[in-house]
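Some notes on the structure that comes next.
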Amino acid sequence: MWHETNNKLYRSFEFKDFSEAFSFMTRVALLAEKMDHHPTWTNTWNKVEIWLSTHDAGDVVTDKDRKLALLIDKVLKT
């Protein structure tokens with residue numbers, strides 16, 4: 001579930017292992033590049049954390065962030 005805090009959408013994800021986490025990040029990276037909207041994220045072994053905000057709108061949450069969050073959620077279902 002995404003949480004909006006400090007003008008960012010945030011969600012953490014946990015996977016079976018590093019390969020699964022990295023695969024998820026690769027799929028998200030391709031979506032983000034296509035949208036020209038890139039997340040701030042971290043990865044430690046099987047954990048991925050993502051923060052979304054629109055930098056050119058003053059680092060606040062916009063519809064662009066909400067759309068990317070929905071697409072990221074869909075990646076989890078595939």
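Identifiers in the structure tokens: chain A, B, ... in order shown; residue index from 1 per chain; ligand index from 1 in order shown.
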
9 Å contact set for His38 of chain A, only C-alpha atoms, chain neighbours under 3 positions out, as a compact mmCIF listing (two decimals) with N, CA and C atoms, in the first residue's frame:
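Once everything was written out, this is result_37.txt:
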# COMPACT_ATOMS: atom_id res chain seq x y z
N ALA A 29 11.88 0.16 -13.86
CA ALA A 29 12.76 1.10 -14.56
C ALA A 29 12.30 1.31 -16.00
N LEU A 31 9.23 1.00 -17.16
CA LEU A 31 8.01 1.82 -17.11
C LEU A 31 8.34 3.28 -16.84
N ALA A 32 9.20 3.51 -15.87
CA ALA A 32 9.57 4.88 -15.49
C ALA A 32 10.23 5.60 -16.66
N GLU A 33 11.09 4.91 -17.37
CA GLU A 33 11.77 5.52 -18.52
C GLU A 33 10.76 5.88 -19.61
N MET A 35 7.70 6.66 -19.18
CA MET A 35 6.92 7.82 -18.70
C MET A 35 7.79 9.06 -18.53
N LEU A 52 7.99 8.46 -4.62
CA LEU A 52 7.58 9.14 -5.85
C LEU A 52 7.17 10.56 -5.54
N SER A 53 7.71 11.50 -6.31
CA SER A 53 7.27 12.89 -6.30
C SER A 53 7.67 13.48 -7.65
N THR A 54 7.01 14.56 -8.01
CA THR A 54 7.29 15.18 -9.30
C THR A 54 8.24 16.34 -9.08

Could you please write out, as an MDAnalysis selection string, every residue of chain A that DSSP assigns to alpha helix (DSSP H)? chainID A and resid 18:35 63:77

Please produce a file of those selected residues containing N, CA, C and O atoms, as a compact mmCIF listing (two decimals), in the first residue's frame.
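After the write, out.txt holds the following:
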# COMPACT_ATOMS: atom_id res chain seq x y z
N PHE A 18 17.39 -11.53 -3.86
CA PHE A 18 17.91 -10.39 -4.61
C PHE A 18 17.49 -10.44 -6.08
O PHE A 18 17.12 -9.42 -6.66
N SER A 19 17.54 -11.61 -6.68
CA SER A 19 17.20 -11.72 -8.11
C SER A 19 15.77 -11.28 -8.37
O SER A 19 15.49 -10.58 -9.35
N GLU A 20 14.86 -11.67 -7.49
CA GLU A 20 13.45 -11.28 -7.66
C GLU A 20 13.29 -9.76 -7.46
O GLU A 20 12.57 -9.11 -8.21
N ALA A 21 13.99 -9.20 -6.49
CA ALA A 21 13.94 -7.76 -6.25
C ALA A 21 14.51 -7.00 -7.45
O ALA A 21 13.93 -6.01 -7.91
N PHE A 22 15.62 -7.48 -7.97
CA PHE A 22 16.26 -6.81 -9.11
C PHE A 22 15.40 -6.91 -10.37
O PHE A 22 15.30 -5.95 -11.13
N SER A 23 14.76 -8.03 -10.56
CA SER A 23 13.85 -8.20 -11.70
C SER A 23 12.70 -7.18 -11.61
O SER A 23 12.34 -6.55 -12.60
N PHE A 24 12.14 -7.04 -10.42
CA PHE A 24 11.08 -6.06 -10.20
C PHE A 24 11.58 -4.65 -10.53
O PHE A 24 10.92 -3.89 -11.24
N MET A 25 12.76 -4.31 -10.05
CA MET A 25 13.32 -2.98 -10.31
C MET A 25 13.54 -2.75 -11.80
O MET A 25 13.30 -1.64 -12.30
N THR A 26 13.96 -3.78 -12.50
CA THR A 26 14.18 -3.65 -13.95
C THR A 26 12.86 -3.35 -14.66
O THR A 26 12.79 -2.46 -15.53
N ARG A 27 11.81 -4.06 -14.29
CA ARG A 27 10.50 -3.82 -14.92
C ARG A 27 9.99 -2.42 -14.60
O ARG A 27 9.46 -1.73 -15.46
N VAL A 28 10.18 -1.99 -13.35
CA VAL A 28 9.76 -0.63 -12.97
C VAL A 28 10.60 0.41 -13.71
O VAL A 28 10.07 1.43 -14.18
N ALA A 29 11.88 0.16 -13.86
CA ALA A 29 12.76 1.10 -14.56
C ALA A 29 12.30 1.31 -16.00
O ALA A 29 12.31 2.44 -16.50
N LEU A 30 11.88 0.24 -16.66
CA LEU A 30 11.41 0.37 -18.04
C LEU A 30 10.13 1.19 -18.12
O LEU A 30 9.97 2.02 -19.02
N LEU A 31 9.23 1.00 -17.16
CA LEU A 31 8.01 1.82 -17.11
C LEU A 31 8.34 3.28 -16.84
O LEU A 31 7.80 4.18 -17.49
N ALA A 32 9.20 3.51 -15.87
CA ALA A 32 9.57 4.88 -15.49
C ALA A 32 10.23 5.60 -16.66
O ALA A 32 9.94 6.78 -16.92
N GLU A 33 11.09 4.91 -17.37
CA GLU A 33 11.77 5.52 -18.52
C GLU A 33 10.76 5.88 -19.61
O GLU A 33 10.83 6.96 -20.20
N LYS A 34 9.82 5.00 -19.84
CA LYS A 34 8.78 5.25 -20.85
C LYS A 34 7.94 6.48 -20.48
O LYS A 34 7.55 7.26 -21.34
N MET A 35 7.70 6.66 -19.18
CA MET A 35 6.92 7.82 -18.70
C MET A 35 7.79 9.06 -18.53
O MET A 35 7.27 10.15 -18.28
N ASP A 63 -0.55 13.76 -10.21
CA ASP A 63 -1.19 12.63 -10.90
C ASP A 63 -0.17 11.74 -11.58
O ASP A 63 -0.38 10.54 -11.71
N LYS A 64 0.92 12.31 -12.00
CA LYS A 64 1.99 11.54 -12.63
C LYS A 64 2.53 10.47 -11.67
O LYS A 64 2.79 9.34 -12.05
N ASP A 65 2.68 10.85 -10.41
CA ASP A 65 3.15 9.92 -9.39
C ASP A 65 2.11 8.83 -9.11
O ASP A 65 2.45 7.66 -8.99
N ARG A 66 0.86 9.24 -9.02
CA ARG A 66 -0.21 8.27 -8.77
C ARG A 66 -0.33 7.27 -9.92
O ARG A 66 -0.55 6.08 -9.69
N LYS A 67 -0.14 7.75 -11.14
CA LYS A 67 -0.21 6.86 -12.29
C LYS A 67 0.95 5.85 -12.26
O LYS A 67 0.74 4.65 -12.48
N LEU A 68 2.15 6.33 -11.96
CA LEU A 68 3.29 5.42 -11.89
C LEU A 68 3.11 4.42 -10.75
O LEU A 68 3.42 3.24 -10.89
N ALA A 69 2.57 4.86 -9.62
CA ALA A 69 2.32 3.95 -8.50
C ALA A 69 1.36 2.82 -8.92
O ALA A 69 1.58 1.65 -8.59
N LEU A 70 0.32 3.16 -9.66
CA LEU A 70 -0.62 2.13 -10.14
C LEU A 70 0.06 1.15 -11.08
O LEU A 70 -0.17 -0.06 -11.01
N LEU A 71 0.92 1.67 -11.95
CA LEU A 71 1.64 0.80 -12.87
C LEU A 71 2.61 -0.11 -12.12
O LEU A 71 2.76 -1.29 -12.46
N ILE A 72 3.24 0.41 -11.09
CA ILE A 72 4.14 -0.41 -10.27
C ILE A 72 3.36 -1.52 -9.59
O ILE A 72 3.80 -2.67 -9.55
N ASP A 73 2.18 -1.19 -9.08
CA ASP A 73 1.34 -2.21 -8.46
C ASP A 73 0.98 -3.31 -9.46
O ASP A 73 0.94 -4.50 -9.10
N LYS A 74 0.76 -2.94 -10.71
CA LYS A 74 0.44 -3.93 -11.73
C LYS A 74 1.63 -4.86 -12.02
O LYS A 74 1.45 -6.01 -12.34
N VAL A 75 2.83 -4.32 -11.90
CA VAL A 75 4.04 -5.16 -12.10
C VAL A 75 4.04 -6.30 -11.08
O VAL A 75 4.43 -7.41 -11.41
N LEU A 76 3.60 -6.03 -9.88
CA LEU A 76 3.57 -7.07 -8.85
C LEU A 76 2.61 -8.19 -9.18
O LEU A 76 2.81 -9.33 -8.76
N LYS A 77 1.59 -7.89 -9.94
CA LYS A 77 0.56 -8.88 -10.26
C LYS A 77 0.91 -9.72 -11.48
O LYS A 77 0.21 -10.68 -11.78

Contacts of His55 of chain A at 10 Å or less, counting only C-alpha atoms, minus same-chain residues fewer than 6 places along, as a PyMOL selection string? chain A and resi 37-39+61-62

Once DSSP has gone over the backbone, tell me which residues of chain A are in strand (DSSP E or B), as a PyMOL selection string. chain A and resi 3-5+8-14+40-44+47-52+54+60

Write out as a JSON list (two decimals) with all heavy atoms, in the first residue's frame which residues come within 9 Å of segment 48-51 of chain A when counting only C-alpha atoms, dropping same-chain ones fewer than 3 positions away.
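Written out: out.json:
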[["chain", "number", "residue", "atom", "x", "y", "z"],
["A", 8, "LYS", "N", 5.57, 12.99, -0.68],
["A", 8, "LYS", "CA", 6.04, 11.86, -1.49],
["A", 8, "LYS", "C", 5.10, 10.68, -1.29],
["A", 8, "LYS", "O", 4.54, 10.50, -0.21],
["A", 8, "LYS", "CB", 7.44, 11.44, -1.08],
["A", 8, "LYS", "CG", 8.51, 12.49, -1.35],
["A", 8, "LYS", "CD", 9.86, 12.01, -0.93],
["A", 8, "LYS", "CE", 10.96, 13.02, -1.09],
["A", 8, "LYS", "NZ", 10.79, 14.19, -1.85],
["A", 9, "LEU", "N", 4.94, 9.88, -2.34],
["A", 9, "LEU", "CA", 4.28, 8.59, -2.21],
["A", 9, "LEU", "C", 5.37, 7.59, -1.87],
["A", 9, "LEU", "O", 6.43, 7.58, -2.51],
["A", 9, "LEU", "CB", 3.61, 8.17, -3.52],
["A", 9, "LEU", "CG", 2.31, 8.86, -3.90],
["A", 9, "LEU", "CD1", 1.81, 8.30, -5.22],
["A", 9, "LEU", "CD2", 1.25, 8.67, -2.83],
["A", 10, "TYR", "N", 5.12, 6.75, -0.88],
["A", 10, "TYR", "CA", 6.13, 5.79, -0.43],
["A", 10, "TYR", "C", 5.53, 4.40, -0.33],
["A", 10, "TYR", "O", 4.39, 4.22, 0.09],
["A", 10, "TYR", "CB", 6.67, 6.19, 0.94],
["A", 10, "TYR", "CG", 7.50, 5.11, 1.58],
["A", 10, "TYR", "CD1", 8.83, 4.93, 1.22],
["A", 10, "TYR", "CD2", 6.95, 4.24, 2.52],
["A", 10, "TYR", "CE1", 9.61, 3.93, 1.78],
["A", 10, "TYR", "CE2", 7.72, 3.23, 3.09],
["A", 10, "TYR", "CZ", 9.04, 3.08, 2.71],
["A", 10, "TYR", "OH", 9.79, 2.08, 3.26],
["A", 11, "ARG", "N", 6.34, 3.43, -0.73],
["A", 11, "ARG", "CA", 5.96, 2.03, -0.53],
["A", 11, "ARG", "C", 7.23, 1.19, -0.43],
["A", 11, "ARG", "O", 8.22, 1.45, -1.11],
["A", 11, "ARG", "CB", 5.10, 1.53, -1.68],
["A", 11, "ARG", "CG", 4.63, 0.11, -1.44],
["A", 11, "ARG", "CD", 3.51, -0.30, -2.32],
["A", 11, "ARG", "NE", 3.19, -1.70, -2.01],
["A", 11, "ARG", "CZ", 2.41, -2.46, -2.73],
["A", 11, "ARG", "NH1", 1.82, -1.97, -3.80],
["A", 11, "ARG", "NH2", 2.19, -3.70, -2.39],
["A", 12, "SER", "N", 7.18, 0.18, 0.43],
["A", 12, "SER", "CA", 8.28, -0.78, 0.52],
["A", 12, "SER", "C", 7.80, -2.13, 0.01],
["A", 12, "SER", "O", 6.61, -2.46, 0.12],
["A", 12, "SER", "CB", 8.80, -0.89, 1.95],
["A", 12, "SER", "OG", 7.79, -1.38, 2.80],
["A", 13, "PHE", "N", 8.73, -2.88, -0.54],
["A", 13, "PHE", "CA", 8.43, -4.19, -1.13],
["A", 13, "PHE", "C", 9.45, -5.18, -0.61],
["A", 13, "PHE", "O", 10.61, -4.84, -0.42],
["A", 13, "PHE", "CB", 8.56, -4.13, -2.66],
["A", 13, "PHE", "CG", 7.69, -3.07, -3.30],
["A", 13, "PHE", "CD1", 8.15, -1.78, -3.43],
["A", 13, "PHE", "CD2", 6.44, -3.39, -3.78],
["A", 13, "PHE", "CE1", 7.36, -0.80, -4.03],
["A", 13, "PHE", "CE2", 5.64, -2.43, -4.37],
["A", 13, "PHE", "CZ", 6.11, -1.13, -4.50],
["A", 14, "GLU", "N", 9.02, -6.41, -0.40],
["A", 14, "GLU", "CA", 9.94, -7.46, 0.01],
["A", 14, "GLU", "C", 9.74, -8.68, -0.90],
["A", 14, "GLU", "O", 8.60, -9.09, -1.15],
["A", 14, "GLU", "CB", 9.69, -7.86, 1.47],
["A", 14, "GLU", "CG", 10.78, -8.75, 2.01],
["A", 14, "GLU", "CD", 10.72, -8.89, 3.52],
["A", 14, "GLU", "OE1", 10.31, -7.94, 4.20],
["A", 14, "GLU", "OE2", 11.09, -9.98, 4.00],
["A", 15, "PHE", "N", 10.85, -9.22, -1.36],
["A", 15, "PHE", "CA", 10.83, -10.32, -2.32],
["A", 15, "PHE", "C", 11.55, -11.54, -1.75],
["A", 15, "PHE", "O", 12.18, -11.46, -0.69],
["A", 15, "PHE", "CB", 11.47, -9.87, -3.64],
["A", 15, "PHE", "CG", 10.75, -8.72, -4.26],
["A", 15, "PHE", "CD1", 11.14, -7.42, -4.02],
["A", 15, "PHE", "CD2", 9.64, -8.93, -5.06],
["A", 15, "PHE", "CE1", 10.46, -6.34, -4.56],
["A", 15, "PHE", "CE2", 8.95, -7.87, -5.62],
["A", 15, "PHE", "CZ", 9.36, -6.58, -5.37],
["A", 21, "ALA", "N", 13.99, -9.20, -6.49],
["A", 21, "ALA", "CA", 13.94, -7.76, -6.25],
["A", 21, "ALA", "C", 14.51, -7.00, -7.45],
["A", 21, "ALA", "O", 13.93, -6.01, -7.91],
["A", 21, "ALA", "CB", 14.70, -7.40, -4.98],
["A", 22, "PHE", "N", 15.62, -7.48, -7.97],
["A", 22, "PHE", "CA", 16.26, -6.81, -9.11],
["A", 22, "PHE", "C", 15.40, -6.91, -10.37],
["A", 22, "PHE", "O", 15.30, -5.95, -11.13],
["A", 22, "PHE", "CB", 17.65, -7.40, -9.35],
["A", 22, "PHE", "CG", 18.47, -6.56, -10.27],
["A", 22, "PHE", "CD1", 19.17, -5.47, -9.79],
["A", 22, "PHE", "CD2", 18.55, -6.86, -11.62],
["A", 22, "PHE", "CE1", 19.94, -4.68, -10.65],
["A", 22, "PHE", "CE2", 19.31, -6.08, -12.48],
["A", 22, "PHE", "CZ", 20.00, -4.99, -12.00],
["A", 24, "PHE", "N", 12.14, -7.04, -10.42],
["A", 24, "PHE", "CA", 11.08, -6.06, -10.20],
["A", 24, "PHE", "C", 11.58, -4.65, -10.53],
["A", 24, "PHE", "O", 10.92, -3.89, -11.24],
["A", 24, "PHE", "CB", 10.62, -6.14, -8.74],
["A", 24, "PHE", "CG", 9.76, -5.00, -8.29],
["A", 24, "PHE", "CD1", 8.43, -4.91, -8.67],
["A", 24, "PHE", "CD2", 10.28, -4.00, -7.46],
["A", 24, "PHE", "CE1", 7.63, -3.85, -8.24],
["A", 24, "PHE", "CE2", 9.49, -2.95, -7.03],
["A", 24, "PHE", "CZ", 8.16, -2.88, -7.42],
["A", 25, "MET", "N", 12.76, -4.31, -10.05],
["A", 25, "MET", "CA", 13.32, -2.98, -10.31],
["A", 25, "MET", "C", 13.54, -2.75, -11.80],
["A", 25, "MET", "O", 13.30, -1.64, -12.30],
["A", 25, "MET", "CB", 14.63, -2.79, -9.54],
["A", 25, "MET", "CG", 14.44, -2.71, -8.04],
["A", 25, "MET", "SD", 15.99, -2.54, -7.14],
["A", 25, "MET", "CE", 16.44, -0.88, -7.58],
["A", 39, "PRO", "N", 11.73, 7.26, -10.28],
["A", 39, "PRO", "CA", 11.57, 7.23, -8.83],
["A", 39, "PRO", "C", 12.89, 7.41, -8.09],
["A", 39, "PRO", "O", 13.96, 7.22, -8.65],
["A", 39, "PRO", "CB", 11.03, 5.81, -8.57],
["A", 39, "PRO", "CG", 11.63, 4.99, -9.67],
["A", 39, "PRO", "CD", 11.67, 5.92, -10.87],
["A", 40, "THR", "N", 12.76, 7.76, -6.84],
["A", 40, "THR", "CA", 13.87, 7.64, -5.91],
["A", 40, "THR", "C", 13.67, 6.30, -5.23],
["A", 40, "THR", "O", 12.57, 5.99, -4.78],
["A", 40, "THR", "CB", 13.82, 8.78, -4.86],
["A", 40, "THR", "OG1", 13.92, 10.02, -5.54],
["A", 40, "THR", "CG2", 14.93, 8.63, -3.84],
["A", 41, "TRP", "N", 14.73, 5.47, -5.22],
["A", 41, "TRP", "CA", 14.55, 4.15, -4.63],
["A", 41, "TRP", "C", 15.83, 3.61, -4.06],
["A", 41, "TRP", "O", 16.91, 4.11, -4.35],
["A", 41, "TRP", "CB", 13.92, 3.18, -5.60],
["A", 41, "TRP", "CG", 14.64, 2.95, -6.92],
["A", 41, "TRP", "CD1", 15.87, 3.39, -7.30],
["A", 41, "TRP", "CD2", 14.13, 2.21, -8.02],
["A", 41, "TRP", "NE1", 16.16, 2.97, -8.57],
["A", 41, "TRP", "CE2", 15.11, 2.24, -9.04],
["A", 41, "TRP", "CE3", 12.96, 1.52, -8.25],
["A", 41, "TRP", "CZ2", 14.93, 1.60, -10.26],
["A", 41, "TRP", "CZ3", 12.79, 0.89, -9.48],
["A", 41, "TRP", "CH2", 13.77, 0.94, -10.46],
["A", 42, "THR", "N", 15.66, 2.60, -3.20],
["A", 42, "THR", "CA", 16.81, 1.88, -2.65],
["A", 42, "THR", "C", 16.53, 0.39, -2.76],
["A", 42, "THR", "O", 15.38, -0.04, -2.84],
["A", 42, "THR", "CB", 17.05, 2.22, -1.16],
["A", 42, "THR", "OG1", 15.91, 1.83, -0.40],
["A", 42, "THR", "CG2", 17.35, 3.69, -0.96],
["A", 43, "ASN", "N", 17.61, -0.35, -2.76],
["A", 43, "ASN", "CA", 17.51, -1.81, -2.79],
["A", 43, "ASN", "C", 18.58, -2.37, -1.87],
["A", 43, "ASN", "O", 19.75, -2.03, -1.99],
["A", 43, "ASN", "CB", 17.70, -2.34, -4.21],
["A", 43, "ASN", "CG", 17.96, -3.82, -4.26],
["A", 43, "ASN", "OD1", 19.00, -4.25, -4.75],
["A", 43, "ASN", "ND2", 17.04, -4.61, -3.75],
["A", 44, "THR", "N", 18.17, -3.21, -0.94],
["A", 44, "THR", "CA", 19.08, -3.96, -0.10],
["A", 44, "THR", "C", 18.62, -5.40, -0.13],
["A", 44, "THR", "O", 17.52, -5.70, 0.35],
["A", 44, "THR", "CB", 19.09, -3.43, 1.35],
["A", 44, "THR", "OG1", 19.39, -2.05, 1.33],
["A", 44, "THR", "CG2", 20.11, -4.18, 2.19],
["A", 45, "TRP", "N", 19.41, -6.23, -0.75],
["A", 45, "TRP", "CA", 19.14, -7.65, -0.96],
["A", 45, "TRP", "C", 17.74, -7.88, -1.49],
["A", 45, "TRP", "O", 17.50, -7.73, -2.67],
["A", 45, "TRP", "CB", 19.43, -8.48, 0.30],
["A", 45, "TRP", "CG", 19.40, -9.95, 0.01],
["A", 45, "TRP", "CD1", 20.19, -10.61, -0.88],
["A", 45, "TRP", "CD2", 18.50, -10.92, 0.53],
["A", 45, "TRP", "NE1", 19.85, -11.95, -0.93],
["A", 45, "TRP", "CE2", 18.80, -12.16, -0.06],
["A", 45, "TRP", "CE3", 17.46, -10.88, 1.44],
["A", 45, "TRP", "CZ2", 18.11, -13.33, 0.23],
["A", 45, "TRP", "CZ3", 16.78, -12.04, 1.74],
["A", 45, "TRP", "CH2", 17.12, -13.25, 1.13]]

Using only C-alpha atoms, which of A:Asn6, A:Asp17, A:Thr78, A:Asp59 sits nearest Lys47 of chain A?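 Using only C-alpha atoms, Lys47 of chain A sits closest to A:Asp17.
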